[in-house]
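Undergrad: Right, I'll just put the structure down here and ask away after.
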Amino acid sequence: MDVAVFILVVLAFVALSGALVRLVRLPLPVLQIAIGAALAWPAKGLHVEIDPELFLLVFIPPLLFGDAFAAPKRELIELRGPILDLAIGLVFFTIVGFGYALHWLVPSIPLVVAFALAAVLSPTDAVAVSSIVDRNVVPARLMHILEGESLLNDASGLVMFRFAVAAALTGSFSLAAASLTFLYAVAAGILAGIAALFIAAKALQILGRIGGAPAEAQVLVMILLPFVAYLIAEHVGASGILAAVTAGLLTGTSSIFRYLAVSARIQAMSLWSTLTFVFNGALFILLGLQLPDIIRRVPPELTSRHWLFEPALTVLLLTLCLIGLRFLWIWIGDMAAVIAARLGKCKAEPFGFRVRLAGSVAGVRGAITLAGILSLPFALQDGSPFPARDVVIFLAAGVIVCSLLIASLALPRIARGLVEPGEDPGAAEERRARVGAANAAIVRIESLASEGGEGEAAEAWLAVADSIVAGYRRRIAASDEADEARAEAREAGRLELELRHAGLEAERAAVRAMFRSREINDHTMRALFSEITLTEALLKSRQGRK
C-alpha cells in the first residue's frame, strides 16, 4: 500500500509541475527537482531508496527510445562526424581531464575512483537536453549535434565507468581487454536493438493474421519494444541503453508501422507522448527526492571550516571544469574540421565562439549519471569499504543540479540572437512537402475522375472530385510564397476552421441531449464523442500548422 500511495503522490506532483511551469520562470526539470527536494526535506517527508538497476530498466529505455524515435535521422547521418566525435572522443577526453582535476582538487579520492566519477559524468542527458534547450534560440545544426551526442554517449560513458569500478575492485586494468569489451558492448547492443525490432514486427504480424485482435494489443507490443531491446542487450552483457536507442532510431524507418491498424497508430502515439511526460517528470522528482539525504550526509572530506560553502564551491568548480573541457574539445574539433575542409578544398562551416559556448553549457547531466553512481558497490573484494563512495555520490548529485541550473540561467542569454530571424528551414521544408503532396493528389484525383464513365456517373465523379481538389488547392494557396496569396488563403482557411468548430460543438451538444433524453445509450455516445474528438484534433493540428 505504501508503494502504491508513493507512486500516486509522485504522479500527482508530475501533473502539478506541468501547470506550475507556466507560472514560474524555471525549466520543467529544475522545477520538478525542486518539488522532489521539498517533498523529502522534512524529517517525516517522502523518502525512497533507489535500486539503480531497476531505475535504469524502468525509466531509461522508454525515454531514450522516444527521443531516438523523434530525432531527425537525416540530420543525424549528415552530422555523424561531430556527433561521434563528442559521443566517443569527448567521453575519453573528459575521463582523463576531469579525473586528474578531481584527484587534484580532492586528494582523498583515489585516482581510479576519480576516473569512475568522470566516466559516469561524461554522458549528457538526452531528456534534460531536450527539456532545457530551446529550439527557437539554438541553431538547428547545434541542436541536432546535441541530440545525437546525448543518445550515443551513454553507452561509452557507462562502459568506461564499469571498467573503472572493476579496476578499483581488483586493482588492475587492461587496456586491450577494455577496448575489446567496449567494442563488444557497442556491437552487441546495436544487434540487440535490431533483434527486438524484428521480434516486435513478428508479434504485430501474428496479431494481424489472427484477425479481430484489439488495437490495444498492438499498442502494448510497441510499448514493450524498448524494454525488450534493453533486456536482451543486458542479458548478453552489452549496452542496453544503446539497444533502446537503436530500436528507436530504426522504428521510424522500418516497415513495422504497416502491421499496425490506423486506430493502433493513433493510440500508440497518444499514449507514448503521455508516458514520456509521466516518466520524464517522475524521473526528475525522484532525483529531487535523493538530494536532502545526500546534502545531510555531506562527507567530512569536503568540509574543514564551513559546512556548506566548501562543498558547494567544490561542486561549482567541478561543473565549470566539465564545461571547460567540453568547450576545449568542441573548439579542437571545430578547428580540425576547418583544416580538413581546407585540405579537401571543401566549404567549412565553423562554429563561432558563442555557439561553442552554448554547446558547452548545454551538456547537462541527469538520470544516467545518478543511476550509474548509485550502483557503486559498498565494499571491495577484501571486505573493506569502497573508497570515497559517499564523496563521489555527493559530487555527482551536486554536478547534476549545478549543470541544470547553469544551463537554465546562462543558455538563454548566451544563445540570444544566434538564430537569425526569418522562416524556419524546417517550416519551409514542410511547406514545400505539402505543396508537392497536394499537387500529386490533385493529378491522381483528376485522372480518376476523367475515367469515371459517362452520363450521371461521370457527373457525380466530377462533382466529388471538384470538391476534393478545391480543398487541395486551398492548401497549396496557403503555402504560396506570395504574402498576399497566403494571407487570403489563410483567412479563408480560418473561416472554414471556425465554421467546422462550430459544427462540431453543435454535434457534441446534440449527442449529449440525445443521451440525456435516453434516445441513445452511453456506448453510442462514447463512440460518437470519439469521432468528434478525433476530427477536432485534426482541425487543431491544421490550425497549429497555419
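Going through the C-alpha cells in order, the chains are called A, B, and so on, while each chain numbers its residues from 1 and the ligands are numbered from 1 in the order shown.
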Skip Val221 (chain A) itself and residues of its chain fewer than 6 positions away, then list as a ChimeraX atom specification all residues within 8 Å of it, counting only C-alpha atoms.
TA: /A:200,203-204
Undergrad: Take the residues from that selection and put them in a file with all heavy atoms, as an mmCIF file, in the first residue's frame.
TA:
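Resulting contents of result-v8.cif:
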```cif
data_model
loop_
_atom_site.group_PDB
_atom_site.id
_atom_site.type_symbol
_atom_site.label_atom_id
_atom_site.label_comp_id
_atom_site.auth_asym_id
_atom_site.auth_seq_id
_atom_site.Cartn_x
_atom_site.Cartn_y
_atom_site.Cartn_z
ATOM 1 N N ALA A 200 9.305 -7.528 -32.383
ATOM 2 C CA ALA A 200 8.075 -6.740 -32.314
ATOM 3 C C ALA A 200 7.306 -6.796 -33.639
ATOM 4 O O ALA A 200 6.072 -6.912 -33.649
ATOM 5 C CB ALA A 200 8.410 -5.289 -31.955
ATOM 6 N N ALA A 203 5.598 -10.108 -33.865
ATOM 7 C CA ALA A 203 4.447 -10.175 -32.966
ATOM 8 C C ALA A 203 3.251 -9.421 -33.546
ATOM 9 O O ALA A 203 2.114 -9.906 -33.496
ATOM 10 C CB ALA A 203 4.830 -9.596 -31.599
ATOM 11 N N LEU A 204 3.501 -8.261 -34.121
ATOM 12 C CA LEU A 204 2.418 -7.493 -34.744
ATOM 13 C C LEU A 204 1.860 -8.212 -35.966
ATOM 14 O O LEU A 204 0.649 -8.184 -36.227
ATOM 15 C CB LEU A 204 2.926 -6.109 -35.144
ATOM 16 C CG LEU A 204 3.267 -5.151 -34.004
ATOM 17 C CD1 LEU A 204 3.899 -3.882 -34.539
ATOM 18 C CD2 LEU A 204 2.018 -4.817 -33.195
#
```
Undergrad: Can you tell me, as a VMD selection string, what residues are no more than 9 Å from Leu250 (chain A) when counting only C-alpha atoms, ignoring any on the same chain fewer than 6 positions away?
TA: chain A and resid 68 to 69 193 to 194 197
Undergrad: With only C-alpha atoms as the atoms that count, which of A:Met143, A:Met525, A:Leu275, A:Ala71 lies nearest to Arg508 (chain A)?
TA: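 Counting only C-alpha atoms, the residue closest to Arg508 (chain A) is A:Met525.
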Undergrad: Residues at most 10 Å from region 7-16 of chain A, counting only C-alpha atoms, excluding those fewer than 2 positions away in the same chain, as a list in words?
TA: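 Non-adjacent residues within range: Met1, Asp2, Val3, Ala4, Val5, Gly18, Ala19, Leu20, Val21, Leu28, Gln32, Ile35, Gly36, Leu39, Leu46, Phe277, Val278, Phe279, Asn280, Gly281, Ala282, Leu283, Phe284, Ile285 and Leu286 of chain A.
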Undergrad: Would you mind exporting N, CA and C atoms of the selected residues as a short mmCIF file (atom, residue, chain, number, x, y, z; two decimals), in the first residue's frame?
TA:
```cif
data_model
loop_
_atom_site.label_atom_id
_atom_site.label_comp_id
_atom_site.auth_asym_id
_atom_site.auth_seq_id
_atom_site.Cartn_x
_atom_site.Cartn_y
_atom_site.Cartn_z
N MET A 1 0.83 -1.20 0.00
CA MET A 1 0.00 0.00 0.00
C MET A 1 0.86 1.26 0.00
N ASP A 2 1.96 1.24 0.79
CA ASP A 2 2.83 2.41 0.85
C ASP A 2 3.45 2.72 -0.51
N VAL A 3 3.83 1.67 -1.24
CA VAL A 3 4.42 1.87 -2.57
C VAL A 3 3.39 2.47 -3.52
N ALA A 4 2.16 1.95 -3.45
CA ALA A 4 1.10 2.46 -4.33
C ALA A 4 0.81 3.93 -4.04
N VAL A 5 0.73 4.28 -2.75
CA VAL A 5 0.48 5.68 -2.38
C VAL A 5 1.63 6.57 -2.85
N GLY A 18 3.41 20.32 -14.36
CA GLY A 18 3.04 20.75 -15.70
C GLY A 18 2.23 22.02 -15.70
N ALA A 19 1.49 22.27 -14.62
CA ALA A 19 0.72 23.51 -14.52
C ALA A 19 1.58 24.63 -13.94
N LEU A 20 2.43 24.31 -12.96
CA LEU A 20 3.24 25.35 -12.31
C LEU A 20 4.32 25.91 -13.21
N VAL A 21 4.77 25.13 -14.19
CA VAL A 21 5.88 25.59 -15.03
C VAL A 21 5.50 26.84 -15.81
N LEU A 28 11.25 22.96 -16.79
CA LEU A 28 10.48 21.92 -16.12
C LEU A 28 11.34 20.97 -15.29
N GLN A 32 10.82 20.33 -11.26
CA GLN A 32 10.49 19.00 -10.72
C GLN A 32 11.51 18.53 -9.70
N ILE A 35 10.61 20.33 -6.55
CA ILE A 35 9.44 19.73 -5.92
C ILE A 35 9.84 18.46 -5.16
N GLY A 36 10.65 17.62 -5.79
CA GLY A 36 11.10 16.40 -5.12
C GLY A 36 11.89 16.70 -3.86
N LEU A 39 9.57 17.81 -1.08
CA LEU A 39 8.81 16.69 -0.52
C LEU A 39 9.64 15.87 0.45
N LEU A 46 8.77 12.48 2.23
CA LEU A 46 8.90 11.29 1.40
C LEU A 46 10.37 10.87 1.28
N PHE A 277 5.90 12.12 -20.90
CA PHE A 277 5.74 13.20 -19.93
C PHE A 277 5.77 12.66 -18.50
N VAL A 278 5.06 11.55 -18.27
CA VAL A 278 4.99 10.98 -16.91
C VAL A 278 6.36 10.47 -16.47
N PHE A 279 7.02 9.67 -17.30
CA PHE A 279 8.31 9.11 -16.94
C PHE A 279 9.35 10.21 -16.75
N ASN A 280 9.30 11.19 -17.63
CA ASN A 280 10.24 12.31 -17.55
C ASN A 280 10.08 13.05 -16.22
N GLY A 281 8.84 13.39 -15.90
CA GLY A 281 8.59 14.12 -14.66
C GLY A 281 8.91 13.30 -13.42
N ALA A 282 8.51 12.02 -13.41
CA ALA A 282 8.79 11.17 -12.26
C ALA A 282 10.28 10.99 -12.05
N LEU A 283 11.03 10.92 -13.14
CA LEU A 283 12.48 10.75 -13.06
C LEU A 283 13.12 11.93 -12.32
N PHE A 284 12.76 13.15 -12.68
CA PHE A 284 13.38 14.32 -12.05
C PHE A 284 12.86 14.53 -10.63
N ILE A 285 11.62 14.16 -10.36
CA ILE A 285 11.13 14.25 -8.98
C ILE A 285 11.87 13.25 -8.09
N LEU A 286 12.11 12.04 -8.60
CA LEU A 286 12.89 11.06 -7.84
C LEU A 286 14.32 11.55 -7.61
#
```
Undergrad: Counting only C-alpha atoms, figure out which residue out of A:Leu504, A:Leu146, A:Leu231, A:Ile88 gets nearest to Val186 (chain A).
TA: A:Ile88
Undergrad: Just checking: using only C-alpha atoms, which residue out of A:Ile83, A:Leu322, A:Ala510, A:Ala537 ends up closest to Gly99 (chain A)?
TA: A:Leu322
Undergrad: Could you give me, as an NGL selection string, each residue of region 28-151 of chain A that DSSP assigns to helix (DSSP H, G or I) when run on this structure's backbone?
TA: :A and (28-40 or 52-70 or 73-78 or 80-105 or 111-121 or 126-132 or 140-151)
Undergrad: I want to know what sits within 8 Å of Val91 (chain A), based on only C-alpha atoms, with residues of the same chain fewer than 6 positions away left out; could you give that as number ranges by chain?
TA: A: 119, 122-123, 153, 156-157
Undergrad: Measuring between only C-alpha atoms, which one of A:Arg162, A:Arg512, A:Arg518, A:Arg258 shows the shortest distance to Thr181 (chain A)?
TA: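 Once distances to Thr181 (chain A) are computed over only C-alpha atoms, the minimum belongs to A:Arg162.
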Undergrad: Need the shell around Leu325 (chain A): protein/DNA/RNA residues with any atom at most 10 Å away, counting only C-alpha atoms. Skip same-chain ones fewer than 5 positions apart. Format as a list of chain:residue names?
TA: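 Within the cut-off, the hits are A:Leu90, A:Phe93, A:Thr94, A:Gly97, A:Phe98, A:Thr319, A:Leu320, A:Ile330, A:Trp331, A:Ser360.
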Undergrad: Please produce an output containing N, CA, C and O atoms for each residue in the selection, written as a PDB file, in the first residue's frame.
TA:
```
ATOM      1  N   LEU A  90      34.983  12.850 -26.838  1.00  0.00           N
ATOM      2  CA  LEU A  90      34.847  13.713 -25.672  1.00  0.00           C
ATOM      3  C   LEU A  90      34.713  12.915 -24.388  1.00  0.00           C
ATOM      4  O   LEU A  90      35.180  13.358 -23.324  1.00  0.00           O
ATOM      5  N   PHE A  93      38.223  12.031 -23.382  1.00  0.00           N
ATOM      6  CA  PHE A  93      38.904  13.267 -23.004  1.00  0.00           C
ATOM      7  C   PHE A  93      38.434  13.734 -21.623  1.00  0.00           C
ATOM      8  O   PHE A  93      39.230  14.181 -20.785  1.00  0.00           O
ATOM      9  N   THR A  94      37.119  13.616 -21.361  1.00  0.00           N
ATOM     10  CA  THR A  94      36.561  14.022 -20.071  1.00  0.00           C
ATOM     11  C   THR A  94      37.056  13.115 -18.951  1.00  0.00           C
ATOM     12  O   THR A  94      37.375  13.583 -17.849  1.00  0.00           O
ATOM     13  N   GLY A  97      40.834  14.173 -18.337  1.00  0.00           N
ATOM     14  CA  GLY A  97      40.981  15.531 -17.826  1.00  0.00           C
ATOM     15  C   GLY A  97      40.279  15.744 -16.502  1.00  0.00           C
ATOM     16  O   GLY A  97      40.863  16.276 -15.539  1.00  0.00           O
ATOM     17  N   PHE A  98      39.011  15.331 -16.414  1.00  0.00           N
ATOM     18  CA  PHE A  98      38.248  15.533 -15.182  1.00  0.00           C
ATOM     19  C   PHE A  98      38.766  14.637 -14.067  1.00  0.00           C
ATOM     20  O   PHE A  98      38.768  15.038 -12.896  1.00  0.00           O
ATOM     21  N   THR A 319      31.847  21.468 -11.935  1.00  0.00           N
ATOM     22  CA  THR A 319      30.918  21.702 -13.042  1.00  0.00           C
ATOM     23  C   THR A 319      31.554  22.612 -14.090  1.00  0.00           C
ATOM     24  O   THR A 319      31.443  22.360 -15.297  1.00  0.00           O
ATOM     25  N   LEU A 320      32.220  23.670 -13.622  1.00  0.00           N
ATOM     26  CA  LEU A 320      32.910  24.564 -14.552  1.00  0.00           C
ATOM     27  C   LEU A 320      34.048  23.841 -15.265  1.00  0.00           C
ATOM     28  O   LEU A 320      34.337  24.126 -16.438  1.00  0.00           O
ATOM     29  N   ILE A 330      35.238  20.880 -28.157  1.00  0.00           N
ATOM     30  CA  ILE A 330      34.453  21.390 -29.290  1.00  0.00           C
ATOM     31  C   ILE A 330      35.313  22.318 -30.142  1.00  0.00           C
ATOM     32  O   ILE A 330      35.261  22.276 -31.380  1.00  0.00           O
ATOM     33  N   TRP A 331      36.112  23.164 -29.497  1.00  0.00           N
ATOM     34  CA  TRP A 331      36.972  24.093 -30.235  1.00  0.00           C
ATOM     35  C   TRP A 331      38.017  23.327 -31.048  1.00  0.00           C
ATOM     36  O   TRP A 331      38.233  23.621 -32.224  1.00  0.00           O
ATOM     37  N   SER A 360      28.711  23.976 -25.046  1.00  0.00           N
ATOM     38  CA  SER A 360      29.389  23.510 -23.831  1.00  0.00           C
ATOM     39  C   SER A 360      28.469  23.575 -22.622  1.00  0.00           C
ATOM     40  O   SER A 360      28.385  22.637 -21.834  1.00  0.00           O
TER      41      SER A 360
END
```
Undergrad: Write out as an MDAnalysis selection string the residues lying within 9 Å of Val30 (chain A), counting only C-alpha atoms and excluding same-chain residues fewer than 3 positions away.
TA: chainID A and resid 26:27 33:35 132 284 401 404:405 408
Undergrad: Could you jot down the CA of Glu531 (chain A) to CA of Pro214 (chain A) separation for me, Å, one decimal place?
TA: 17.8 Å
Undergrad: Find the residue from A:Asp382, A:Asp466, A:Glu459, A:Asp85 that sits nearest to Ala337 (chain A); use only C-alpha atoms when measuring.
TA: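 Using only C-alpha atoms, Ala337 (chain A) sits closest to A:Asp85.
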Undergrad: Counting only C-alpha atoms, figure out which residue out of A:Val245, A:Val138, A:Ile442, A:Ile294 gets nearest to Phe394 (chain A).
TA: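 Smallest distance to Phe394 (chain A) is found for A:Ile294.
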Undergrad: Any idea what the distance is between CA of Asp125 (chain A) and CA of Phe386 (chain A)?
TA: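 Interatomic distance here is 26.6 Å.
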